[in-house]
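A quick write-up on the structure given underneath.
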Amino acid sequence: MMRSWHRRRGYGSPEFLVFVGLTLCAALGLASLFAMGQFTWFLLYLVATLVTVLVLRAIPVEPGAVLSRRPARRGLVLLIGATCCLLTSIPSTLGTWYLLPTLFLIFCNVMLGRATQRISAAPVHDVDEWQESMRNRAHVVAYWILAAVVVLGVGGAYVISYATRAWVADSFGVWIALAELLLFLPAMVVAWRQPDPVVEYVRPRGPIRWSRSLVFGAVAVELLLPVVSGLAMLVLPPQVNTTRRPAADQVRGCSYLGAITTVGWVFQAQLPISADVCWTGVRAVEQWGLNRSDCNPETTSGLLVTTVSCTRRLLPNGTLYFDYTARLESPGLPFVQRDVSLKVAVSRTGRLLAFP
Amino acid sequence: MRPEPLYNRLAVLRAEHGMSRHDLAAALGVNYQTIGYIERGEYSPSLDLAFRIAEVFGLPIEAIFSRQPMQPMSTQLFPATVEARSPGEVPVNK
């Protein structure tokens with residue numbers, strides 16, 4: 001028999017303790033984002049997302065006034081379908097453009113779970129017989145829809161031409177859309193088929209539990225973090241940390257120049273420039289540094305960094321001029337770009353004409 | 001094969017016992033929406049659930065569920081009285 005739908009979980013229950021433990025891990029992981037590299041960042045973000053999904057699944061939800069209505073649920077299903085079509089139409093050359101529709105898809109899936117009370121994947125003891133029969137029918141329908149999509153869509157694309165085959169093989173969005181169908185199609189069918197609930201009955205609103213608020217807050221943070229961070233990369237002024245000191249070579253006039261420009265918040269990139277520059281009175285020369293190999297980011301965390309220009313010139317008046325311009329792109333906001341330039345110019349007399 | 005509709009007087013019995021759908025759902029261990037779908041004839045309960053509903057109201061299953069449309073309780077309990085009375089006639093206490 002199904003457990004009481006409106007069961008209470010005490011503060012000492014295993015689920016609560018697991019929730020607290022995992023939330024702490026996620027919080028610690030997120031708090032240490034600032035100091036870690038890209039791989040660790042994404043690993044932590046993934047762990048935080050998985051923790052949120054697990055905790056979210058353990059909290060019973062009511063669909064609410066809007067999502068309980070069949071037109072709203074069907075609209076949500078159509079929205080998910082449209083997003084999947086959009087994902088499949090994104091060419092593989094636009095790498096970061098996948099992330100925004102994928103995040104939107106995650107948001108829609110959370111809403112879908114709320115609309116269907118997650119009965120399509122709930123444990124057997126958490127659903128009653130009507131819900132079980134509904135999801136059994138949904139799984140049958142979903143199976144045939146998925147089979148048709150795979151056979152006619154993916155299989156057809158492999159057969160039609162080399163171009164369509166390459167499209168399916170290279171397009172990351174196709175596989176995201178297929179994963180969406182594989183994992184959430186039964187829930188979509190439930191949302192589509194489930195009749196309107198009894199309208200005259202309004203369940204009294206209970207106290208809002210902090211754990212529920214917290215987990216929905218975590219969902220919001222995980223969805224908004226890439227977007228906010230992308231905007232921060234665009235808006236926040238770069239933080240520059242410079243060092244200038246005399247170099248070891250005292251015969252000629254030499255100076256060590258070092259600068260690290262940090263751009264962004266959470267999603268960050270550190271662009272370095274460092275060199276030993278000497279001057280003879282006739283011209284300025286580099287002892288080391290200011291080469292093409294120096295045009296690389298020190299660290300990147302959640303940002304795509306590409307080199308726009310990397311030039312070193314010795315001007316006719318003996319001035320050494322070096323320019324490193326990098327383009328920063330956020331995966332969360334692929335249409336947002338920012339060019340950051342690091343320029344070094346040293347005159348033949350050792351005067352610093354340009355420096356970050 | 002599409003199942004035949006199953007009529008019930010769940011709503012009347014709930015009202016008699018002063019139970020909300022939520023109360024009945026909690027007593028049966030099901031979702032409250034399931035009660036609503038049964039009442040509206042959109043879902044036919046299993047035999048097990050039908051027996052549990054009958055136990056809650058202390059009635060035989062056939063008093064709650066029927067293959068035929070349900071007659072009002074008054075018609076079933078006092079058929080002669082109801083038929084003799086003309087429509088709109090108000091009974092007078094003597």
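If you're wondering about the labels, chains in the structure tokens are A, B, ... by order shown, residues count from 1 in each chain, ligands from 1 in order shown.
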Item checked: Interface list for chain B, partner chain A, 8 Å threshold, only C-alpha atoms, as a PyMOL selection string -> chain B and resi 21-22+26+29-31+33-34+36-37+43+45-46
C-alpha atoms of the current selection, written as a PDB file, in the first residue's frame:
ATOM      1  CA  ARG B  21     -11.818  13.646  -0.173  1.00  0.00           C
ATOM      2  CA  HIS B  22      -8.602  14.254   1.650  1.00  0.00           C
ATOM      3  CA  ALA B  26      -5.873   9.410   4.077  1.00  0.00           C
ATOM      4  CA  GLY B  29      -3.799   5.411   1.873  1.00  0.00           C
ATOM      5  CA  VAL B  30      -4.266   6.792  -1.626  1.00  0.00           C
ATOM      6  CA  ASN B  31      -3.830  10.151  -3.268  1.00  0.00           C
ATOM      7  CA  GLN B  33      -7.033  12.906  -6.604  1.00  0.00           C
ATOM      8  CA  THR B  34      -7.673   9.179  -6.945  1.00  0.00           C
ATOM      9  CA  GLY B  36     -11.935  12.386  -7.157  1.00  0.00           C
ATOM     10  CA  TYR B  37     -11.331  10.291 -10.280  1.00  0.00           C
ATOM     11  CA  TYR B  43     -11.231   5.344 -12.731  1.00  0.00           C
ATOM     12  CA  PRO B  45     -10.866   0.924  -8.361  1.00  0.00           C
ATOM     13  CA  SER B  46      -9.326  -2.495  -7.864  1.00  0.00           C
TER      14      SER B  46
END
Notebook entry, point to check: Please, what distance in Å, to one decimal, runs between atom CA of A:Glu298 and atom CA of A:Gln270?
Noted result: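 Atom-to-atom, atom CA of A:Glu298 and atom CA of A:Gln270 are spaced 5.2 Å apart.
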Checklist line | Surrounding residues of B:Ala54 excluding itself and chain neighbours under 6 positions, 10 Å, only C-alpha atoms, as a PyMOL selection string | finding: chain B and resi 10+48+60-65
Emit the selected residues as a PDB file, in the first residue's frame, including N, CA and C atoms.
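Saved file again.pdb follows:
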ATOM      1  N   LEU B  10     -20.058   7.408  -3.906  1.00  0.00           N
ATOM      2  CA  LEU B  10     -18.995   7.773  -2.974  1.00  0.00           C
ATOM      3  C   LEU B  10     -19.198   9.197  -2.421  1.00  0.00           C
ATOM      4  N   ASP B  48      -9.459  -4.760  -4.294  1.00  0.00           N
ATOM      5  CA  ASP B  48      -8.901  -4.496  -2.960  1.00  0.00           C
ATOM      6  C   ASP B  48      -9.306  -3.109  -2.469  1.00  0.00           C
ATOM      7  N   PRO B  60     -21.840  -2.970   2.231  1.00  0.00           N
ATOM      8  CA  PRO B  60     -21.397  -3.926   1.211  1.00  0.00           C
ATOM      9  C   PRO B  60     -20.987  -3.182  -0.064  1.00  0.00           C
ATOM     10  N   ILE B  61     -20.135  -3.826  -0.844  1.00  0.00           N
ATOM     11  CA  ILE B  61     -19.611  -3.177  -2.057  1.00  0.00           C
ATOM     12  C   ILE B  61     -20.737  -2.763  -2.994  1.00  0.00           C
ATOM     13  N   GLU B  62     -21.772  -3.634  -3.102  1.00  0.00           N
ATOM     14  CA  GLU B  62     -22.832  -3.341  -4.072  1.00  0.00           C
ATOM     15  C   GLU B  62     -23.674  -2.131  -3.661  1.00  0.00           C
ATOM     16  N   ALA B  63     -23.560  -1.713  -2.401  1.00  0.00           N
ATOM     17  CA  ALA B  63     -24.255  -0.489  -1.979  1.00  0.00           C
ATOM     18  C   ALA B  63     -23.497   0.761  -2.410  1.00  0.00           C
ATOM     19  N   ILE B  64     -22.236   0.573  -2.768  1.00  0.00           N
ATOM     20  CA  ILE B  64     -21.393   1.729  -3.136  1.00  0.00           C
ATOM     21  C   ILE B  64     -21.135   1.777  -4.641  1.00  0.00           C
ATOM     22  N   PHE B  65     -20.883   0.610  -5.238  1.00  0.00           N
ATOM     23  CA  PHE B  65     -20.552   0.552  -6.663  1.00  0.00           C
ATOM     24  C   PHE B  65     -21.620  -0.238  -7.412  1.00  0.00           C
TER      25      PHE B  65
END
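Reported to one decimal place, the separation of atom CA of A:Ala269 from atom CA of A:Leu257 is 19.8 Å.
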Notebook entry, point to check: For B:Ile38, which residue out of B:Asn8, B:Gln76, B:His17, B:Gln68 is the nearest one, using only C-alpha atoms?
Noted result: B:Asn8
Note to self: Please report the interatomic distance between atom CA of A:Ala345 and atom CA of A:Tyr324 in Å with one decimal.
What the structure shows: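 Computing the Euclidean distance for atom CA of A:Ala345 and atom CA of A:Tyr324 yields 11.7 Å.
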